[in-house]
>>> print(open('structure24.cif').read())   # mmCIF, C-alpha atoms
data_model
#
loop_
_atom_site.label_atom_id
_atom_site.label_comp_id
_atom_site.auth_asym_id
_atom_site.auth_seq_id
_atom_site.Cartn_x
_atom_site.Cartn_y
_atom_site.Cartn_z
CA MET V 1 120.34 171.75 61.97
CA SER V 2 119.88 170.08 58.64
CA LEU V 3 122.87 168.61 56.88
CA GLU V 4 121.34 169.40 53.49
CA VAL V 5 121.25 173.18 53.38
CA THR V 6 120.84 175.21 50.22
CA ARG V 7 120.28 178.95 50.06
CA LYS V 8 117.78 181.03 48.18
CA GLU V 9 118.49 184.62 47.26
CA ASN V 10 115.97 185.98 49.73
CA GLU V 11 117.59 183.98 52.58
CA GLN V 12 121.07 185.45 52.24
CA PRO V 13 122.42 187.01 55.44
CA THR V 14 123.13 190.69 55.76
CA PRO V 15 126.84 191.51 55.72
CA PRO V 16 128.62 191.62 59.09
CA THR V 17 129.64 194.99 60.42
CA GLY V 18 133.36 194.36 60.17
CA GLY V 19 136.08 192.16 58.74
CA HIS V 20 134.62 191.89 55.19
CA ASN V 21 134.94 193.74 51.94
CA GLY V 22 132.44 193.70 49.14
CA ASN V 23 134.25 191.03 47.16
CA GLY V 24 134.58 188.75 50.21
CA MET V 25 130.89 188.97 50.94
CA ALA V 26 130.03 188.32 47.32
CA VAL V 27 132.16 185.18 47.39
CA LEU V 28 130.41 184.01 50.58
CA GLN V 29 126.96 184.62 49.10
CA SER V 30 127.92 182.89 45.86
CA MET V 31 129.15 179.83 47.73
CA ALA V 32 126.06 179.81 49.92
CA THR V 33 123.78 179.55 46.90
CA THR V 34 125.71 176.77 45.16
CA HIS V 35 127.10 174.56 47.95
CA ARG V 36 125.61 172.29 50.58
CA LEU V 37 126.95 171.21 53.90
CA ARG V 38 128.83 167.91 53.82
CA LEU V 39 126.87 164.81 54.82
CA ASN V 40 129.87 163.56 56.87
CA PRO V 41 132.42 165.67 58.75
CA ASN V 42 135.87 166.40 57.35
CA THR V 43 137.86 164.72 60.11
CA GLU V 44 141.20 165.96 58.71
CA HIS V 45 140.17 169.61 58.92
CA LYS V 46 141.25 171.51 62.05
CA PRO V 47 138.46 173.99 62.80
CA GLU V 48 138.89 177.51 64.12
CA SER V 49 138.53 178.30 67.81
CA TYR V 50 135.44 180.36 68.61
CA GLU V 51 136.22 180.72 72.31
CA GLY V 52 136.10 184.23 73.75
CA LEU V 53 133.49 185.51 71.30
CA HIS V 54 130.10 186.75 72.46
CA LEU V 55 127.92 184.07 70.86
CA GLU V 56 124.36 182.90 71.43
CA PHE V 57 125.49 179.27 71.14
CA SER V 58 128.36 177.17 72.43
CA PRO V 59 131.72 177.87 70.72
CA LEU V 60 132.14 174.10 70.34
CA LEU V 61 128.97 173.98 68.26
CA PHE V 62 130.59 176.28 65.67
CA SER V 63 133.87 174.34 65.73
CA SER V 64 131.96 171.09 65.17
CA LEU V 65 129.76 172.51 62.40
CA GLU V 66 132.80 173.93 60.61
CA ARG V 67 133.88 170.37 59.74
CA TYR V 68 130.67 170.07 57.66
CA LEU V 69 131.28 173.20 55.57
CA PRO V 70 131.83 172.66 51.82
CA PRO V 71 135.56 172.61 50.95
CA PRO V 72 135.64 176.02 49.20
CA MET V 73 134.40 177.69 52.40
CA LEU V 74 137.17 176.35 54.61
CA SER V 75 139.67 178.89 53.29
CA LEU V 76 137.46 181.87 54.15
CA SER V 77 138.08 184.03 57.20
CA ARG V 78 136.78 182.98 60.60
CA ASP V 79 134.27 185.86 60.54
CA SER V 80 132.88 184.70 57.19
CA LYS V 81 132.49 181.12 58.36
CA LEU V 82 131.00 182.27 61.65
CA HIS V 83 128.47 184.47 59.87
CA TYR V 84 127.37 181.64 57.58
CA MET V 85 127.10 179.03 60.33
CA ARG V 86 125.31 181.38 62.71
CA ASP V 87 122.69 182.07 60.04
CA ILE V 88 122.12 178.33 59.59
CA ILE V 89 121.80 177.73 63.34
CA LEU V 90 119.41 180.64 63.80
CA ARG V 91 117.14 179.37 61.02
CA TYR V 92 116.95 175.90 62.54
CA SER V 93 116.91 176.84 66.23
CA PRO V 94 113.44 177.58 67.66
CA GLU V 95 112.96 181.04 69.11
CA GLY V 96 112.07 179.51 72.48
CA GLU V 97 115.41 177.70 72.58
CA ARG V 98 117.30 180.89 71.74
CA THR V 99 115.48 182.72 74.53
CA ARG V 100 116.33 179.93 76.98
CA VAL V 101 120.01 180.03 76.01
CA GLN V 102 120.12 183.81 76.41
CA LYS V 103 118.52 183.69 79.88
CA GLN V 104 120.94 180.96 80.90
CA ARG V 105 123.92 183.07 79.84
CA GLU V 106 122.58 186.07 81.77
CA TYR V 107 122.11 183.86 84.85
CA ARG V 108 125.68 182.54 84.58
CA GLN V 109 127.11 186.00 84.08
CA LYS V 110 125.37 187.18 87.23
CA ILE V 111 127.00 184.38 89.24
CA ILE V 112 130.46 184.79 87.70
CA SER V 113 130.47 188.56 88.31
CA HIS V 114 129.90 188.03 92.06
CA TYR V 115 131.45 184.65 92.95
CA GLN V 116 135.16 184.57 93.83
CA PRO V 117 136.79 181.23 92.87
CA LEU V 118 138.92 179.48 95.47
CA GLN V 119 141.01 177.15 93.27
CA ARG V 120 141.84 179.20 90.19
CA GLU V 121 144.02 176.52 88.60
CA LEU V 122 140.82 174.53 87.98
CA TYR V 123 139.52 177.11 85.53
CA ALA V 124 142.02 176.26 82.77
CA MET V 125 143.01 172.85 81.45
CA HIS V 126 146.22 171.56 83.05
CA ALA V 127 146.20 168.01 81.77
CA SER V 128 149.40 166.80 83.45
CA ASN V 129 148.10 167.98 86.84
CA PHE V 130 144.56 166.70 86.36
CA PHE V 131 144.77 163.28 84.73
CA ALA V 132 146.32 159.90 85.51
CA PRO V 133 149.50 159.25 83.42
CA SER V 134 148.01 156.11 81.83
CA PHE V 135 144.98 158.09 80.64
CA LEU V 136 147.14 160.88 79.20
CA LYS V 137 149.36 158.37 77.40
CA ALA V 138 146.34 156.75 75.73
CA ILE V 139 144.92 160.13 74.71
CA ASN V 140 148.24 161.25 73.21
CA GLU V 141 148.54 158.01 71.20
CA ASN V 142 144.90 158.45 70.09
CA LYS V 143 144.37 154.87 68.91
CA GLY V 144 141.60 152.41 69.63
CA GLU V 145 144.07 149.83 70.98
CA SER V 146 145.59 152.47 73.28
CA PHE V 147 142.19 153.32 74.73
CA ARG V 148 141.33 149.65 75.20
CA SER V 149 144.63 148.99 76.98
CA ILE V 150 143.58 151.21 79.92
CA MET V 151 139.91 150.20 80.00
CA ALA V 152 137.70 147.46 81.34
CA GLU V 153 134.32 146.76 79.69
CA PRO V 154 132.30 144.87 82.35
CA THR V 155 129.22 144.91 80.13
CA GLN V 156 128.83 145.89 76.50
CA GLY V 157 129.14 149.66 76.05
CA VAL V 158 130.17 150.54 79.63
CA PHE V 159 133.87 151.41 79.95
CA THR V 160 135.77 152.05 83.18
CA PHE V 161 139.30 153.42 83.57
CA GLU V 162 141.62 155.41 85.85
CA MET V 163 141.24 159.07 84.92
CA LEU V 164 141.59 161.75 87.61
CA GLN V 165 144.51 162.38 89.97
CA PRO V 166 143.65 162.71 93.70
CA HIS V 167 144.92 166.30 93.59
CA PHE V 168 142.30 167.26 91.00
CA CYS V 169 139.53 165.54 92.97
CA GLU V 170 140.54 167.47 96.10
CA LEU V 171 140.65 170.78 94.24
CA LEU V 172 137.22 170.29 92.70
CA LEU V 173 135.66 169.17 95.98
CA SER V 174 136.99 172.25 97.77
CA GLU V 175 135.78 174.54 94.94
CA VAL V 176 132.29 173.04 95.09
CA GLU V 177 132.23 173.46 98.89
CA ASN V 178 133.33 177.07 98.48
CA PHE V 179 130.59 177.73 95.92
CA GLU V 180 127.94 176.14 98.13
CA LYS V 181 129.14 178.27 101.06
CA TRP V 182 128.79 181.39 98.89
CA VAL V 183 125.29 180.33 97.81
CA HIS V 184 124.27 179.84 101.46
CA GLU V 185 125.75 183.16 102.62
CA THR V 186 124.30 185.23 99.77
CA LYS V 187 121.01 183.28 99.61
CA PHE V 188 121.45 183.14 95.84
CA ARG V 189 118.91 180.85 94.17
CA ILE V 190 120.77 178.40 91.97
CA MET V 191 119.53 175.84 89.48
CA ARG V 192 120.25 172.24 90.40
CA PRO V 193 121.88 169.85 87.90
CA ASN V 194 118.67 168.18 86.69
CA THR V 195 115.10 167.35 87.65
CA MET V 196 116.13 164.24 89.62
CA ASN V 197 118.89 165.64 91.86
CA LYS V 198 117.98 168.14 94.59
CA PHE V 199 121.61 168.53 95.68
CA GLY V 200 124.74 169.31 93.72
CA ALA V 201 125.81 172.17 91.47
CA VAL V 202 126.15 172.97 87.76
CA LEU V 203 129.88 173.57 87.25
CA ASP V 204 129.32 175.48 84.01
CA ASP V 205 127.32 178.09 85.95
CA PHE V 206 130.23 179.39 88.04
CA GLY V 207 133.00 179.57 85.47
CA LEU V 208 134.13 176.03 84.65
CA GLU V 209 132.37 175.87 81.27
CA THR V 210 135.53 176.49 79.22
CA MET V 211 137.64 173.92 81.08
CA LEU V 212 134.90 171.29 80.82
CA GLY V 213 134.50 172.12 77.13
CA LYS V 214 138.18 171.32 76.64
CA LEU V 215 137.71 168.11 78.62
CA MET V 216 134.98 167.01 76.24
CA GLU V 217 136.64 168.17 73.04
CA ASP V 218 140.21 167.01 73.61
CA PHE V 219 139.76 163.99 75.87
CA ILE V 220 136.25 162.50 75.74
CA ARG V 221 135.46 163.06 72.06
CA PRO V 222 138.51 161.10 70.78
CA ILE V 223 137.43 158.10 72.88
CA SER V 224 133.76 158.51 71.91
CA LYS V 225 134.71 158.63 68.23
CA VAL V 226 136.08 155.09 68.61
CA PHE V 227 133.47 153.52 70.89
CA PHE V 228 130.29 155.55 70.39
CA SER V 229 130.29 156.64 66.74
CA ASP V 230 126.79 155.18 66.36
CA VAL V 231 125.35 157.85 68.67
CA GLY V 232 127.31 160.89 67.46
CA GLY V 233 130.49 160.27 69.42
CA SER V 234 132.63 161.91 66.75
CA THR V 235 130.48 165.08 66.59
CA LEU V 236 130.07 165.96 70.28
CA ASP V 237 129.73 169.75 70.37
CA SER V 238 128.15 170.78 73.67
CA HIS V 239 128.04 169.61 77.26
CA HIS V 240 126.33 169.90 80.64
CA GLY V 241 128.81 169.60 83.50
CA PHE V 242 127.81 169.19 87.14
CA VAL V 243 128.43 167.45 90.43
CA VAL V 244 125.91 165.36 92.37
CA GLU V 245 126.00 164.67 96.11
CA TYR V 246 124.67 161.67 98.00
CA GLY V 247 124.52 160.84 101.69
CA VAL V 248 122.94 162.04 104.93
CA ASN V 249 120.93 165.24 104.41
CA ARG V 250 121.53 164.97 100.67
CA ASP V 251 120.18 162.84 97.83
CA VAL V 252 120.21 159.19 98.88
CA GLU V 253 119.67 157.32 95.61
CA LEU V 254 118.78 157.91 91.97
CA GLY V 255 115.98 156.10 90.18
CA PHE V 256 116.13 154.16 86.93
CA HIS V 257 116.57 156.59 84.00
CA VAL V 258 118.42 157.58 80.84
CA ASP V 259 120.53 160.74 80.49
CA ASP V 260 119.92 163.74 78.26
CA SER V 261 123.21 163.07 76.49
CA GLU V 262 124.77 161.06 73.72
CA VAL V 263 127.76 160.09 75.89
CA THR V 264 128.03 160.36 79.68
CA LEU V 265 131.22 160.63 81.73
CA ASN V 266 130.78 159.80 85.43
CA VAL V 267 133.75 160.06 87.83
CA CYS V 268 133.66 159.61 91.59
CA LEU V 269 135.52 162.42 93.40
CA GLY V 270 135.17 161.00 96.94
CA LYS V 271 134.69 161.22 99.90
CA GLN V 272 134.25 158.43 102.47
CA PHE V 273 131.07 156.46 101.77
CA SER V 274 129.39 153.08 101.60
CA GLY V 275 126.83 151.90 99.05
CA GLY V 276 125.82 154.05 96.09
CA ASP V 277 126.54 151.42 93.42
CA LEU V 278 125.53 152.21 89.85
CA PHE V 279 123.33 149.65 88.12
CA PHE V 280 123.04 149.35 84.34
CA ARG V 281 120.23 147.63 82.43
CA GLY V 282 120.84 147.92 78.67
CA VAL V 283 120.68 150.60 75.97
CA ARG V 284 117.26 151.60 74.63
CA CYS V 285 115.70 154.04 72.16
CA ASP V 286 112.65 156.11 73.15
CA LYS V 287 110.22 153.45 71.93
CA HIS V 288 111.79 150.68 74.01
CA VAL V 289 112.98 152.59 77.08
CA ASN V 290 110.63 150.64 79.39
CA THR V 291 111.13 147.15 77.94
CA GLU V 292 112.45 144.23 79.97
CA THR V 293 116.12 143.77 80.77
CA GLN V 294 117.98 140.77 79.36
CA SER V 295 120.30 138.79 81.64
CA ASP V 296 123.42 139.79 79.71
CA GLU V 297 122.58 143.50 80.19
CA ILE V 298 122.76 143.48 84.01
CA LEU V 299 125.72 145.24 85.65
CA ASP V 300 126.29 146.60 89.16
CA TYR V 301 129.31 148.88 89.52
CA SER V 302 130.99 150.13 92.72
CA HIS V 303 132.47 153.63 92.62
CA VAL V 304 136.20 154.21 93.13
CA PRO V 305 137.46 157.82 93.54
CA GLY V 306 139.28 158.99 90.41
CA ARG V 307 137.98 156.10 88.29
CA ALA V 308 135.72 157.01 85.37
CA VAL V 309 132.68 155.32 83.88
CA LEU V 310 131.89 156.17 80.24
CA HIS V 311 128.66 155.05 78.56
CA ARG V 312 125.94 156.03 76.10
CA GLY V 313 123.39 158.44 77.54
CA ARG V 314 120.64 156.05 76.47
CA HIS V 315 122.13 153.26 78.60
CA ARG V 316 119.50 152.77 81.29
CA HIS V 317 120.93 153.10 84.79
CA GLY V 318 120.40 154.29 88.34
CA ALA V 319 122.23 154.65 91.68
CA ARG V 320 121.54 152.57 94.75
CA ALA V 321 121.28 154.17 98.19
CA THR V 322 124.41 155.64 99.74
CA THR V 323 124.12 154.08 103.20
CA PHE V 324 127.00 155.83 104.93
CA GLY V 325 129.11 158.96 104.51
CA HIS V 326 129.16 161.48 101.66
CA ARG V 327 129.68 160.68 97.97
CA VAL V 328 130.34 163.32 95.30
CA ASN V 329 130.53 162.56 91.56
CA LEU V 330 131.50 164.63 88.55
CA LEU V 331 129.12 164.20 85.59
CA LEU V 332 129.68 165.42 82.05
CA TRP V 333 126.75 164.96 79.67
CA CYS V 334 128.22 165.23 76.15
CA ARG V 335 125.84 166.05 73.30
CA SER V 336 125.88 166.10 69.51
CA SER V 337 123.52 168.52 67.76
CA VAL V 338 124.21 166.76 64.46
CA PHE V 339 123.19 163.34 65.82
CA ARG V 340 120.05 164.79 67.41
CA GLU V 341 118.99 166.33 64.12
CA LEU V 342 119.61 163.12 62.19
CA ARG V 343 117.77 161.04 64.77
CA LYS V 344 114.55 162.91 63.99
CA TYR V 345 114.48 161.22 60.57
CA GLN V 346 115.60 157.74 61.62
CA LYS V 347 113.35 154.77 62.27
CA ASP V 348 115.94 152.02 62.77
CA PHE V 349 118.11 152.26 65.89
CA SER V 350 119.36 148.68 65.83
CA SER V 351 122.98 149.87 65.72
CA TRP V 352 122.72 150.78 69.42
CA CYS V 353 119.28 149.93 70.90
CA GLY V 354 119.32 146.43 72.40
CA GLU V 355 115.59 145.84 71.86
CA CYS V 356 115.72 147.07 68.24
CA GLN V 357 118.57 144.60 67.67
CA ARG V 358 116.51 141.73 69.08
CA GLU V 359 113.46 142.67 67.00
CA LYS V 360 115.59 142.86 63.87
CA LYS V 361 117.13 139.44 64.53
CA GLU V 362 113.69 137.97 65.13
CA ARG V 363 112.40 139.40 61.83
CA GLN V 364 115.41 137.91 60.07
CA ARG V 365 114.83 134.54 61.75
CA VAL V 366 111.17 134.48 60.73
CA SER V 367 112.04 135.52 57.17
CA ILE V 368 114.69 132.79 56.84
CA ALA V 369 112.32 130.16 58.25
CA ALA V 370 109.56 131.22 55.84
CA THR V 371 111.96 131.12 52.88
CA LYS V 372 113.22 127.68 53.88
CA GLN V 373 109.68 126.39 54.23
CA GLU V 374 108.75 127.75 50.80
CA LEU V 375 111.78 126.11 49.18
CA LEU V 376 111.01 122.76 50.80
CA LYS V 377 107.40 123.04 49.67
CA ARG V 378 108.48 123.61 46.08
CA GLU V 379 110.74 120.55 46.23
CA GLY V 380 107.92 118.45 47.66
CA LYS V 381 109.72 117.76 50.91
CA PRO V 382 107.99 117.99 54.31
CA ALA V 383 108.89 121.04 56.39
CA THR V 384 110.78 120.34 59.62
#
>>> encode(input="structure24.cif", output="structure tokens")
Amino acid sequence: MSLEVTRKENEQPTPPTGGHNGNGMAVLQSMATTHRLRLNPNTEHKPESYEGLHLEFSPLLFSSLERYLPPPMLSLSRDSKLHYMRDIILRYSPEGERTRVQKQREYRQKIISHYQPLQRELYAMHASNFFAPSFLKAINENKGESFRSIMAEPTQGVFTFEMLQPHFCELLLSEVENFEKWVHETKFRIMRPNTMNKFGAVLDDFGLETMLGKLMEDFIRPISKVFFSDVGGSTLDSHHGFVVEYGVNRDVELGFHVDDSEVTLNVCLGKQFSGGDLFFRGVRCDKHVNTETQSDEILDYSHVPGRAVLHRGRHRHGARATTFGHRVNLLLWCRSSVFRELRKYQKDFSSWCGECQREKKERQRVSIAATKQELLKREGKPAT
């Protein structure tokens, strides 16, 4: 969606069916014609919760967009704000995308109406039962130095830290096994996590969407705001949550790629395995995704159950072969619709793309050398 939105009279939305009186709607329409969305989010504003409503788009998308509303709109009712934001999203969302989202929701509803969860405590956020105490302490303090105190950064932009308790890993593994058993018994055709993994399951599809949304909003976004603000870390508003499985009779390895995310969380759940190391090879924009790797961008990382890896989605990486046993990882692809819209109009990605940074430095070096040569020439001194 555009961050510079003005309304014309013939674009005003029709009044909602309930929750508004004539004066309230007139105020909304008046504001819509005279105010624009903020260029930067109001980080001090606490947005409404849009969970539990029947919406075409993620509730987190509306909560995120609400921070961009002009100040006079923030005091309006939730219905008024929802109506205004929905109209913006519909105007900037292609019809094909809306159709895809609707089909996905119907597919998920079909699964949820038939699948019986095994570990029901997983389906709501129980932070003290899920997360390592050190991780919770850092989140509650919500400071850059607190986050850094629990993290290692083995290469620039890749952070590792203790995150999940063994109890949570066991619960999620058993729930995934239960879901896969149900799929096998009912012969239900499910969609796999992505085009590269033939095994694994999309957790959002069988009821864990709300819990994973809370994980992103309350735990990953605060960290991403500090370390990944250059790629929309502070405006993460949707996610794709899934597990991948590697080993005998499953996926063995994963080729060199970038994720369809702004920020990726990757946590090993277990089980017993050998191999399967992640390898990282630098952050790149679309233009430079296939350029050479520099020596300081090389990292190989060995998985440890419960330990998280957090990185930009554009950080090129892959997984080496799992040579023994069975490895299962939780992945959360976190996305920012605001960043994706802004990126369409950007040409300089040197704030995060390693190759763009090198090209920029080279241009600066050449410019400085040319200026120096010109100055020496004017002074009649030989260039060195």
>>> residues_around(input="structure24.cif", residues="segment 273-276 of chain V", least_positions_apart="3", cutoff="12 Å", atoms="all atoms listed in the file", output="ChimeraX atom specification")
/V:244-248,251-255,268-270,279,300-305,318-329
>>> resolve_selection(input="structure24.cif", expression="the PyMOL selection byres ((chain V and resi 335-341) around 7)", output="PyMOL selection string")
chain V and resi 1-2+231-232+235-239+261-263+333-334+342-344
>>> residues_around(input="structure24.cif", residues="segment 179-189 of chain V", least_positions_apart="6", cutoff="9 Å", atoms="only C-alpha atoms", output="ChimeraX atom specification")
/V:111,115-118,200-201,206
>>> atom_distance(input="structure24.cif", atom1="atom CA of Ile190 of chain V", atom2="atom CA of Val202 of chain V")
8.7 Å
>>> closest_residue(input="structure24.cif", among="V:His288, V:Arg250, V:Lys143, V:Arg36", to="Pro222 of chain V", atoms="all atoms listed in the file")
V:Lys143
>>> resolve_selection(input="structure24.cif", expression="the PyMOL selection byres ((chain V and resi 142) around 12)", output="list of chain:residue names")
V:Phe135, V:Leu136, V:Lys137, V:Ala138, V:Ile139, V:Asn140, V:Glu141, V:Lys143, V:Gly144, V:Glu145, V:Ser146, V:Phe147, V:Arg148, V:Ser149, V:Asp218, V:Phe219, V:Ile220, V:Arg221, V:Pro222, V:Ile223, V:Ser224, V:Lys225, V:Val226
>>> write_last_selection(input="structure24.cif", atoms="C-alpha atoms", output="PDB file, keeping the file's coordinate frame")
ATOM      1  CA  PHE V 135     144.980 158.090  80.640  1.00  0.00           C
ATOM      2  CA  LEU V 136     147.140 160.880  79.200  1.00  0.00           C
ATOM      3  CA  LYS V 137     149.360 158.370  77.400  1.00  0.00           C
ATOM      4  CA  ALA V 138     146.340 156.750  75.730  1.00  0.00           C
ATOM      5  CA  ILE V 139     144.920 160.130  74.710  1.00  0.00           C
ATOM      6  CA  ASN V 140     148.240 161.250  73.210  1.00  0.00           C
ATOM      7  CA  GLU V 141     148.540 158.010  71.200  1.00  0.00           C
ATOM      8  CA  LYS V 143     144.370 154.870  68.910  1.00  0.00           C
ATOM      9  CA  GLY V 144     141.600 152.410  69.630  1.00  0.00           C
ATOM     10  CA  GLU V 145     144.070 149.830  70.980  1.00  0.00           C
ATOM     11  CA  SER V 146     145.590 152.470  73.280  1.00  0.00           C
ATOM     12  CA  PHE V 147     142.190 153.320  74.730  1.00  0.00           C
ATOM     13  CA  ARG V 148     141.330 149.650  75.200  1.00  0.00           C
ATOM     14  CA  SER V 149     144.630 148.990  76.980  1.00  0.00           C
ATOM     15  CA  ASP V 218     140.210 167.010  73.610  1.00  0.00           C
ATOM     16  CA  PHE V 219     139.760 163.990  75.870  1.00  0.00           C
ATOM     17  CA  ILE V 220     136.250 162.500  75.740  1.00  0.00           C
ATOM     18  CA  ARG V 221     135.460 163.060  72.060  1.00  0.00           C
ATOM     19  CA  PRO V 222     138.510 161.100  70.780  1.00  0.00           C
ATOM     20  CA  ILE V 223     137.430 158.100  72.880  1.00  0.00           C
ATOM     21  CA  SER V 224     133.760 158.510  71.910  1.00  0.00           C
ATOM     22  CA  LYS V 225     134.710 158.630  68.230  1.00  0.00           C
ATOM     23  CA  VAL V 226     136.080 155.090  68.610  1.00  0.00           C
TER      24      VAL V 226
END
>>> atom_distance(input="structure24.cif", atom1="atom CA of Tyr92 of chain V", atom2="atom CA of Asp348 of chain V")
23.9 Å
>>> axis_aligned_box(input="structure24.cif", around="segment 219-233 of chain V", padding_each_side="6 Å", output="JSON")
{"center_x": 132.6, "center_y": 158.8, "center_z": 71.1, "size_x": 26.4, "size_y": 22.5, "size_z": 21.5}
>>> build_atoms(input="structure24.cif", residues="segment 215-236 of chain V", atoms="N, CA and C atoms", output="PDB file, in the coordinates of the input")
ATOM      1  N   LEU V 215     137.735 169.510  78.196  1.00  0.00           N
ATOM      2  CA  LEU V 215     137.710 168.110  78.620  1.00  0.00           C
ATOM      3  C   LEU V 215     136.934 167.260  77.627  1.00  0.00           C
ATOM      4  N   MET V 216     135.773 167.756  77.204  1.00  0.00           N
ATOM      5  CA  MET V 216     134.980 167.010  76.240  1.00  0.00           C
ATOM      6  C   MET V 216     135.662 166.942  74.879  1.00  0.00           C
ATOM      7  N   GLU V 217     136.116 168.090  74.400  1.00  0.00           N
ATOM      8  CA  GLU V 217     136.640 168.170  73.040  1.00  0.00           C
ATOM      9  C   GLU V 217     137.952 167.415  72.854  1.00  0.00           C
ATOM     10  N   ASP V 218     138.865 167.560  73.797  1.00  0.00           N
ATOM     11  CA  ASP V 218     140.210 167.010  73.610  1.00  0.00           C
ATOM     12  C   ASP V 218     140.421 165.637  74.241  1.00  0.00           C
ATOM     13  N   PHE V 219     139.516 165.235  75.153  1.00  0.00           N
ATOM     14  CA  PHE V 219     139.760 163.990  75.870  1.00  0.00           C
ATOM     15  C   PHE V 219     138.617 162.974  75.737  1.00  0.00           C
ATOM     16  N   ILE V 220     137.380 163.433  75.822  1.00  0.00           N
ATOM     17  CA  ILE V 220     136.250 162.500  75.740  1.00  0.00           C
ATOM     18  C   ILE V 220     135.846 162.239  74.290  1.00  0.00           C
ATOM     19  N   ARG V 221     135.865 163.253  73.453  1.00  0.00           N
ATOM     20  CA  ARG V 221     135.460 163.060  72.060  1.00  0.00           C
ATOM     21  C   ARG V 221     136.361 162.074  71.306  1.00  0.00           C
ATOM     22  N   PRO V 222     137.691 162.106  71.479  1.00  0.00           N
ATOM     23  CA  PRO V 222     138.510 161.100  70.780  1.00  0.00           C
ATOM     24  C   PRO V 222     138.146 159.665  71.162  1.00  0.00           C
ATOM     25  N   ILE V 223     137.836 159.434  72.445  1.00  0.00           N
ATOM     26  CA  ILE V 223     137.430 158.100  72.880  1.00  0.00           C
ATOM     27  C   ILE V 223     136.053 157.764  72.320  1.00  0.00           C
ATOM     28  N   SER V 224     135.135 158.727  72.383  1.00  0.00           N
ATOM     29  CA  SER V 224     133.760 158.510  71.910  1.00  0.00           C
ATOM     30  C   SER V 224     133.718 158.254  70.411  1.00  0.00           C
ATOM     31  N   LYS V 225     134.644 158.855  69.678  1.00  0.00           N
ATOM     32  CA  LYS V 225     134.710 158.630  68.230  1.00  0.00           C
ATOM     33  C   LYS V 225     134.972 157.160  67.936  1.00  0.00           C
ATOM     34  N   VAL V 226     135.739 156.502  68.800  1.00  0.00           N
ATOM     35  CA  VAL V 226     136.080 155.090  68.610  1.00  0.00           C
ATOM     36  C   VAL V 226     134.956 154.172  69.082  1.00  0.00           C
ATOM     37  N   PHE V 227     134.394 154.465  70.270  1.00  0.00           N
ATOM     38  CA  PHE V 227     133.470 153.520  70.890  1.00  0.00           C
ATOM     39  C   PHE V 227     131.995 153.879  70.753  1.00  0.00           C
ATOM     40  N   PHE V 228     131.693 155.135  70.444  1.00  0.00           N
ATOM     41  CA  PHE V 228     130.290 155.550  70.390  1.00  0.00           C
ATOM     42  C   PHE V 228     129.952 156.316  69.121  1.00  0.00           C
ATOM     43  N   SER V 229     130.553 155.936  68.006  1.00  0.00           N
ATOM     44  CA  SER V 229     130.290 156.640  66.740  1.00  0.00           C
ATOM     45  C   SER V 229     128.844 156.482  66.301  1.00  0.00           C
ATOM     46  N   ASP V 230     128.173 155.417  66.756  1.00  0.00           N
ATOM     47  CA  ASP V 230     126.790 155.180  66.360  1.00  0.00           C
ATOM     48  C   ASP V 230     125.800 156.133  66.998  1.00  0.00           C
ATOM     49  N   VAL V 231     126.238 156.872  68.032  1.00  0.00           N
ATOM     50  CA  VAL V 231     125.350 157.850  68.670  1.00  0.00           C
ATOM     51  C   VAL V 231     125.968 159.253  68.640  1.00  0.00           C
ATOM     52  N   GLY V 232     126.749 159.544  67.616  1.00  0.00           N
ATOM     53  CA  GLY V 232     127.310 160.890  67.460  1.00  0.00           C
ATOM     54  C   GLY V 232     128.571 161.143  68.243  1.00  0.00           C
ATOM     55  N   GLY V 233     129.282 160.090  68.618  1.00  0.00           N
ATOM     56  CA  GLY V 233     130.490 160.270  69.420  1.00  0.00           C
ATOM     57  C   GLY V 233     131.563 161.112  68.767  1.00  0.00           C
ATOM     58  N   SER V 234     131.602 161.124  67.444  1.00  0.00           N
ATOM     59  CA  SER V 234     132.630 161.910  66.750  1.00  0.00           C
ATOM     60  C   SER V 234     132.224 163.359  66.537  1.00  0.00           C
ATOM     61  N   THR V 235     130.962 163.707  66.846  1.00  0.00           N
ATOM     62  CA  THR V 235     130.480 165.080  66.590  1.00  0.00           C
ATOM     63  C   THR V 235     129.966 165.737  67.869  1.00  0.00           C
ATOM     64  N   LEU V 236     130.465 165.326  69.021  1.00  0.00           N
ATOM     65  CA  LEU V 236     130.070 165.960  70.280  1.00  0.00           C
ATOM     66  C   LEU V 236     130.434 167.441  70.231  1.00  0.00           C
TER      67      LEU V 236
END
